[in-house]
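Below: one structure, written as structure tokens.
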Amino acid sequence: TRDDVCFPFLNLAHAHFIFKMAAVQGGLVDAVEEKDIKTEPSSDGIGNNNANDGGPLSASPSSSASAGSNKSSAGAPEDQQTLLAVLQFLKKNKLTESVDILRREAGLPEDSLDLKGGDSSGAGSGGAAGSGDAAGGDASALLSRVTASTASSAAVAPTFSPTAAGEDQPDVNVVLSAYSQQGDPKLYPVYYSGLKRFIESVLDCHRAELSQVFYPLFVHMYLELVYNNYESEAKAFFEKYTGDQECYYEDDLRILSSLSKREHMRGNETLLDFRTSKFVLRISRDSYQLLKRHLQERQNNQIWNIIQEHLYIDIFDGMPRSKSQIDAMSGSLAGEGKREANKAKVYYGLLKEPEIELPLDDEDEEAENEEGKPKKKKPKKDSMGSKSKKQDPHAPSQTRIPLPELKDSDKLDKIMYMKEATKRIRLGPDNLPSICFYSFLNAYQGLTAVDFTDDSSLIAGGFADSTVRVWSVTPKKLRKVKSAADLNLIDKESDDVLERIMDEKTASESKILYGHSGPVYGISFSPDRNYLLSSSEDGTVRLWSLQTFTCLVGYKGHNYPVWDTHFSPHGYYFISGGHDRVARLWATDHYQPLRMFSGHLADITCTRFHPNSNYVATGSSDRTIRLWDVLNGNCVRIFTGHKGPIHALAFSPNGKFLASGATDGRVLLWDIGNGMMFGELKGHTDSIYSLRFSRDGEILASGSMDNTVRLWDALKAFDDLETDDFTAATGHVHLQDNSQELLLGTYVSKSTPVIHLHFTRRNLLLAAGSYNP
Amino acid sequence: MADRDERRFAEVSRESVKLMAESAGAELGDDVAALLAEDVCYRLREATQSSSQFMRHAKRRKLTVEDFNRALRWSNVEAVCGYGAQDALPFRPAKEGELFFIEDRDINLVELALATNIPKGCAETMVRVNVSYLDGKGNLEPQGTVPSAVQSLSDDLLKYYQQITRAILGEDPHLMKVALLDLQSNSKIAALLPYFVYVISGVKSVSHDLEQLNRLLHMVKSLVQNPYLYLGSYVRSLVSSVMYCILEPLAASINPLNDHWTLRDYAALLLTGLYHQILLSLQKVLSDPVRPLCSHYGAVVGSTLWGGRCAVERVLFPHLPAYWANLQAVLDDYSVSNAQVKADGHKVYGAILVAVERLLKMKALSQPADGGSSGQPGSAVGVVGYRVSSPGLSPPPEPLSEAALGIASHLQAGGAGCPWEEWTPVPLPAMYCELYSFFGDSLAVRFSTGPGFGSYPPCPPSQLGDARKEPCGPASNPDTARKMPQLTANLNISPRQDGSPRTDPPPPSLASTGPGRSLARSSSSSSSSSSVQRSKSSLSRSGQRPAGPSRDVFPKARFTSPQTGLPTTFAPTPPVPAVPPRAYAHKLPVIGRVGKPVRRWACSHYSLHLPL
């Protein structure tokens, strides 16, 4: 039930965060629209699920309380500071009503400035997400709406944290001021080198684990020095120890090194990430005891304080991990994901396919020349049907997320799909797919995104000149629907009315869609091929009709560049994510988002729907991947291990696995069920921009800026996983370096980066990119 | 500040900030400027950091001005306008003061508006599909790097080609050197020549990259120097590539930091190397008896008109004795079926005549120079040869001198594959004598009618006469005496009048076919081989030819009947090599004396009278 509990806190977290940002940035930007949308998830929600949500919510006050107090020791001071800062800000701006509301919601009595420390789970860290969104003078309106939706939860939440806040100066600066309370920062090099000496002297098995402490410690010490205006000392400190840090932190270190003034710390997002989120380390109990004892013996309070305040040490029992194990999982902006963050149950199974009766005669026509086929097909389909009747234990219930009814045209398409599926080529290491390359020529304006329809009949490109272009890949030309006046003249009873409504004069091989005012970074076709989504630098997501080739809706809400968008495989819903670090779930007929998923510490660079439409995955520049539950907005998985921003995600067709590709040129494979990494595919020499599983999931194709497509043996990778149950139990990864065995082929294009991949229904691989002469 | 440099950040100096403030009318103190400068640097870094995100999402590797502007716009800073062009922006320092600016050329809008060559818009964006890999079993070699035809080569060659091109165009300078060296000496790469030439023709597409251009030129040099490679018709492509580097306003020249001047120097130097390659191919044609006469004509005319004196002297002249036999055979065949061929032969004859005449005159002109420099015998010869071989070449710049010598020495040393012999200038009198032996009076007449020779000082003629008398003694045997006038009588060529030799139809005196002529034709191959032999030996001791008995040999070889001719041809040759080169040196003073007065003429009348 904890998942449900987090739901109200999501809003709370947003309130924190919005005010904090406003305060920190010191600018009040008008964003009325934004606020409306922000409150949307709670007030509107997904209408059909209100009942679903409501029940557990009201039924679990006690559990929420316990969940909160359990973590108070870890999460309280920080949240407290934040909330206090927000309250202070509100007071300053004479928003007394809001103060009351917020206090009531957070369960703060007026006399004591105590705060319940709670949400340190996914939703809680959502509050830490530093987006540039800012709310200003109209904040009260926002809060009142928040309250309206969470009035009930406010009543159930009041729990008093036993820890008393010792804040002297509850100001906006409180976020940074923690740094000023330390002792003499000039001694930091001494402390650091002392710790370094200690860690170098411990047993080998502990050394790797304890070495993890170096990086966060280094960062925080450096920031502290900078904050306290010890500029030259900070520089010297950085110079001296920067070489010790792992190479995969290089990018962050570069940002850090450019920061040398207290004033610079204000607007620096990376810094805020370090400060507002705890760096998570996983350390075995033995190693931790060792460290603790050392620090206590030396009375090294300085380091101990930093560890207490800025690190979250996830202690486990058992063998310390090896260096390679640690390296496999680290690299993200905020350390590894906490183990409990990945404990939630994920229904990764597929939804039952709707029963569709194949019109027999039609099929016979289709398969005239192969007499044996129809008979074979029948039993096959039956067996499939019976299998799905046996309800996969991992599958969500059919109605967990309300999905649109199938229309007749959808059913026809399903039939087409099944027919095609019977002709599908079975791929494998000995039977690799053919590759067709779609080259965009004369794309001097810059090709930024590509998508194919599921049936591979259309291809669309998003360009840096703000246009979206759609091409027909088949001989069938693209036609618009006739104008309203002409449509009136049509005989609506005729059988071929669908044909008649099309305007033959507009037939052309391609259509250009104008509307965005910035580069188009993400596009996605709807599964029924009637719509096209495009997300752009101008902060909007647009929905285009492929019947009229006009823009239907502009979804505003992100206010910052939207890096990616993706349609749900069942249509209707779509997800978008961008620079504001918040992923939004939309329905095509709502102009406001249904859910907002916040928690990433940096830009969301790619978004992907799970095949069963119940989950979405987002990849981010903070080098983590998060899996979100569409139903309740919770973050159910955090995958760490990439060493660069993630630009490609792909779910396996059976929904069990996720593949991710990043600028570090590596593809990582994840088991959604237990949240473990189980494969690392090395080979690409440049950023990976596209990933796709073959239709049956045997082959994983990856396309990269290095102008190659690589094919990997996904089945073998999955098999290796199943023989290795032990890892799942302990939560440690044992990655064998078998990239070369899994690599089935490398296919080079002349001078065309591969930015999109697509398997046709018959398993032909289509690749796309623009030719760079 | 110093350690900031180590981190390689962009930095705006305090002075720059001050300057900018001044330009805006503000006076800044040192400390303020320093603070501002530091803050500006930081903001710049921050903006750069976030602009890289726009680059990544646009799936590009190159950060554009547009990316940076977007980052600025999103952080509520005014964008920088006016730098959106795709071209590289040259960043220059101002001469006075430490000010840097981006060069911004004035554009004449009127001119632009009225321009007639309005650029057509770029082609429509489109998608084209191709099946790249069938069943995943496509071509596993990387495409694009290799021309498809290369696939038909053997694996070894293909591999060699790939390794070499990769090494030359790659990063490793050491590897490049090894590859170039191999390219220079490998004897088995003739089949790859077209592909290398193709690669080299890529200069046009890398004109922005000085480094690559240099590498390609080095490749040209290696190919040219490879003694086993006959460049043949590929010379043309190579020349055009090299010319491109010499003449075009390369994209690399835009950046003043690029040292494209060295490139041009080097390319020009290479061109002289290619010049010799062209001569070589002309010579090859000429020495190939199977080629039709029209080709020979082309080779002769080509070397005359294009190659200049040097070409005639080095290509045509040494080959003349050998070639003469063939030509003579043709010209002497009066059968009706041969009429057409004979007419062609006359054309060649005329062309040769013009060529050698010109050669002689030029030679006479430059005699003093040659004579003077060859005053130092022996060791100086090579140097002279080199200087003569590249008349148009200004002294090469310091760093290139080695390469220059490389090419020149190669040409002098020759190689197994090329018939380029050790070459030393033949003194004028000797040359005249030899030519006279072929052309007889047709040469002499033209020579004497020229105004320069009309007033030729008395001394040289006597000298010439001496020289002529000596070798021509044997040449005046009845056979030659009978033949040569006849030949010239048959020719009504007046190349001096219309610039190009023209042949009239053969004269009616066809009936006077000498006995055994038909036989001579059939034996021409054997006789020519013998004359080749001879010409080689004659060249090797060209300095002292007039003294040798070979003079007797030649006419005999040509005119004695084959059955008796061959043995006698060989009999007298052995003593020839025994003559020491000193004989040549001994003769030099004479030439020098001959030269002196000529030079005076050269300045006055003679230069006006150059044929062609």
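FYI, nothing fancy with the structure tokens labels: chains A, B, ... in order, residues from 1 per chain, ligands from 1 as they appear.
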
I'd like to know which residues of segment 184-412 of chain A are strand (DSSP E) (by DSSP, run on the backbone); could you write them as a compact mmCIF listing (two decimals) with all heavy atoms, in the first residue's frame?
```
# COMPACT_ATOMS: atom_id res chain seq x y z
N PHE A 279 23.46 11.38 -2.17
CA PHE A 279 24.23 10.47 -3.00
C PHE A 279 24.12 9.07 -2.39
O PHE A 279 24.43 8.88 -1.21
CB PHE A 279 25.68 10.93 -3.03
CG PHE A 279 26.46 10.34 -4.16
CD1 PHE A 279 26.58 11.02 -5.36
CD2 PHE A 279 27.07 9.10 -4.03
CE1 PHE A 279 27.30 10.48 -6.40
CE2 PHE A 279 27.79 8.56 -5.07
CZ PHE A 279 27.91 9.25 -6.26
N VAL A 280 23.66 8.14 -3.17
CA VAL A 280 23.38 6.81 -2.62
C VAL A 280 24.56 5.88 -2.85
O VAL A 280 25.06 5.75 -3.97
CB VAL A 280 22.12 6.21 -3.27
CG1 VAL A 280 21.84 4.85 -2.67
CG2 VAL A 280 20.94 7.13 -3.09
N LEU A 281 25.02 5.27 -1.79
CA LEU A 281 26.10 4.30 -1.90
C LEU A 281 25.61 2.98 -1.35
O LEU A 281 24.87 2.94 -0.37
CB LEU A 281 27.29 4.73 -1.05
CG LEU A 281 27.92 6.08 -1.34
CD1 LEU A 281 28.96 6.38 -0.27
CD2 LEU A 281 28.58 6.03 -2.70
N ARG A 282 26.02 1.90 -1.96
CA ARG A 282 25.73 0.58 -1.38
C ARG A 282 27.02 0.02 -0.83
O ARG A 282 28.01 -0.11 -1.54
CB ARG A 282 25.20 -0.35 -2.48
CG ARG A 282 23.73 -0.22 -2.70
CD ARG A 282 23.25 -1.32 -3.61
NE ARG A 282 22.16 -0.82 -4.42
CZ ARG A 282 21.62 -1.51 -5.39
NH1 ARG A 282 22.07 -2.73 -5.67
NH2 ARG A 282 20.63 -1.02 -6.09
N ILE A 283 26.97 -0.25 0.44
CA ILE A 283 28.18 -0.74 1.10
C ILE A 283 27.79 -1.91 2.00
O ILE A 283 26.74 -1.90 2.64
CB ILE A 283 28.83 0.39 1.94
CG1 ILE A 283 29.37 1.47 1.01
CG2 ILE A 283 29.93 -0.15 2.82
CD1 ILE A 283 30.13 2.55 1.71
N SER A 284 28.64 -2.89 2.03
CA SER A 284 28.35 -4.04 2.89
C SER A 284 28.53 -3.62 4.36
O SER A 284 29.26 -2.68 4.66
CB SER A 284 29.28 -5.20 2.56
OG SER A 284 30.57 -4.89 2.99
N LEU A 311 25.13 11.91 2.25
CA LEU A 311 25.18 10.58 1.65
C LEU A 311 24.07 9.72 2.23
O LEU A 311 23.67 9.87 3.37
CB LEU A 311 26.52 9.91 1.90
CG LEU A 311 27.79 10.66 1.53
CD1 LEU A 311 28.96 9.70 1.55
CD2 LEU A 311 27.67 11.28 0.16
N TYR A 312 23.61 8.82 1.41
CA TYR A 312 22.71 7.80 1.90
C TYR A 312 23.43 6.49 1.72
O TYR A 312 23.74 6.09 0.59
CB TYR A 312 21.41 7.82 1.10
CG TYR A 312 20.44 6.75 1.52
CD1 TYR A 312 19.47 7.00 2.48
CD2 TYR A 312 20.51 5.47 0.97
CE1 TYR A 312 18.59 6.01 2.87
CE2 TYR A 312 19.64 4.48 1.35
CZ TYR A 312 18.68 4.75 2.31
OH TYR A 312 17.82 3.77 2.70
N ILE A 313 23.74 5.87 2.81
CA ILE A 313 24.47 4.62 2.69
C ILE A 313 23.52 3.46 2.85
O ILE A 313 22.89 3.29 3.90
CB ILE A 313 25.63 4.56 3.70
CG1 ILE A 313 26.59 5.70 3.39
CG2 ILE A 313 26.33 3.23 3.62
CD1 ILE A 313 27.84 5.70 4.19
N ASP A 314 23.43 2.70 1.81
CA ASP A 314 22.53 1.56 1.75
C ASP A 314 23.35 0.35 2.19
O ASP A 314 24.22 -0.11 1.46
CB ASP A 314 22.04 1.43 0.30
CG ASP A 314 20.88 0.48 0.19
OD1 ASP A 314 20.49 -0.08 1.23
OD2 ASP A 314 20.37 0.31 -0.91
N ILE A 315 23.10 -0.10 3.41
CA ILE A 315 23.95 -1.15 3.96
C ILE A 315 23.33 -2.51 3.71
O ILE A 315 22.13 -2.69 3.90
CB ILE A 315 24.14 -0.95 5.47
CG1 ILE A 315 24.76 0.42 5.71
CG2 ILE A 315 24.99 -2.04 6.07
CD1 ILE A 315 24.61 0.89 7.11
N PHE A 316 24.13 -3.41 3.24
CA PHE A 316 23.60 -4.76 3.04
C PHE A 316 24.49 -5.76 3.77
O PHE A 316 25.65 -5.50 4.06
CB PHE A 316 23.51 -5.10 1.55
CG PHE A 316 24.82 -5.08 0.83
CD1 PHE A 316 25.64 -6.20 0.81
CD2 PHE A 316 25.22 -3.94 0.15
CE1 PHE A 316 26.83 -6.17 0.15
CE2 PHE A 316 26.42 -3.92 -0.52
CZ PHE A 316 27.23 -5.03 -0.52
```

message: Show me, as a PyMOL selection string, the residues of chain A whose atoms get within 6 Å of chain B, using only C-alpha atoms for the distance check.
response: chain A and resi 432-443+448+748+750

query: Hey, which of A:Asp327, A:Asp564, A:Glu405, A:Glu741 ends up closest to Ala583 of chain A? Count only C-alpha atoms.
result: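 Using only C-alpha atoms, the shortest distance to Ala583 of chain A belongs to A:Asp564.
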
- request: Show which residues sit within 12 Å of Tyr555 of chain A, as a VMD selection string. Count only C-alpha atoms, and ignore same-chain residues fewer than 4 positions away.
  value: chain A and resid 33 to 34 37 516 533 to 536 538 to 544 551 559 562 565 574 to 576 584 to 594

Top pick for closest residue to Leu428 of chain B, considering B:Met243, B:Trp261, B:Val110, B:Lys363 and counting only C-alpha atoms: B:Lys363

- prompt: Using only C-alpha atoms, which residues sit within 10 Å of Leu291 of chain A once same-chain residues fewer than 2 positions away are excluded, as an MDAnalysis selection string?
  reply: chainID A and resid 195 198:199 202 206 210 213 285:289 293:297 304

- request: Could you give me, as a ChimeraX atom specification, the residues within 8 Å of segment 234-246 of chain A, counting only C-alpha atoms and dropping anything in the same chain fewer than 5 positions from it?
  value: /A:189,214-215,218,222-223,225-226,253,257,260

Within 7 Å of Tyr347 of chain A using only C-alpha atoms, minus same-chain residues under 2 positions, as a CSV table (one decimal) with N, CA, C and O atoms, in the first residue's frame:
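In the end it all went to selection24.csv:
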```
chain,number,residue,atom,x,y,z
A,345,LYS,N,6.4,-4.1,-6.8
A,345,LYS,CA,6.0,-5.1,-7.8
A,345,LYS,C,5.7,-4.4,-9.1
A,345,LYS,O,5.0,-3.4,-9.1
A,349,GLY,N,3.9,-8.2,-17.3
A,349,GLY,CA,3.3,-9.1,-18.3
A,349,GLY,C,2.5,-8.4,-19.3
A,349,GLY,O,2.2,-7.2,-19.1
A,394,HIS,N,2.2,-12.2,-14.0
A,394,HIS,CA,2.9,-10.9,-13.9
A,394,HIS,C,2.1,-9.8,-14.7
A,394,HIS,O,2.6,-8.7,-14.8
A,395,ALA,N,1.0,-10.2,-15.3
A,395,ALA,CA,0.3,-9.2,-16.1
A,395,ALA,C,-0.6,-8.4,-15.3
A,395,ALA,O,-1.2,-8.9,-14.3
A,396,PRO,N,-0.7,-7.1,-15.6
A,396,PRO,CA,-1.7,-6.3,-14.8
A,396,PRO,C,-3.1,-6.7,-15.3
A,396,PRO,O,-3.3,-7.3,-16.3
```

- prompt: Got a sec: who's within 9 Å of Val285 of chain B, counting only C-alpha atoms, leaving out chain neighbours fewer than 5 positions off, as a VMD selection string?
  reply: chain B and resid 280 291 295 to 296 299
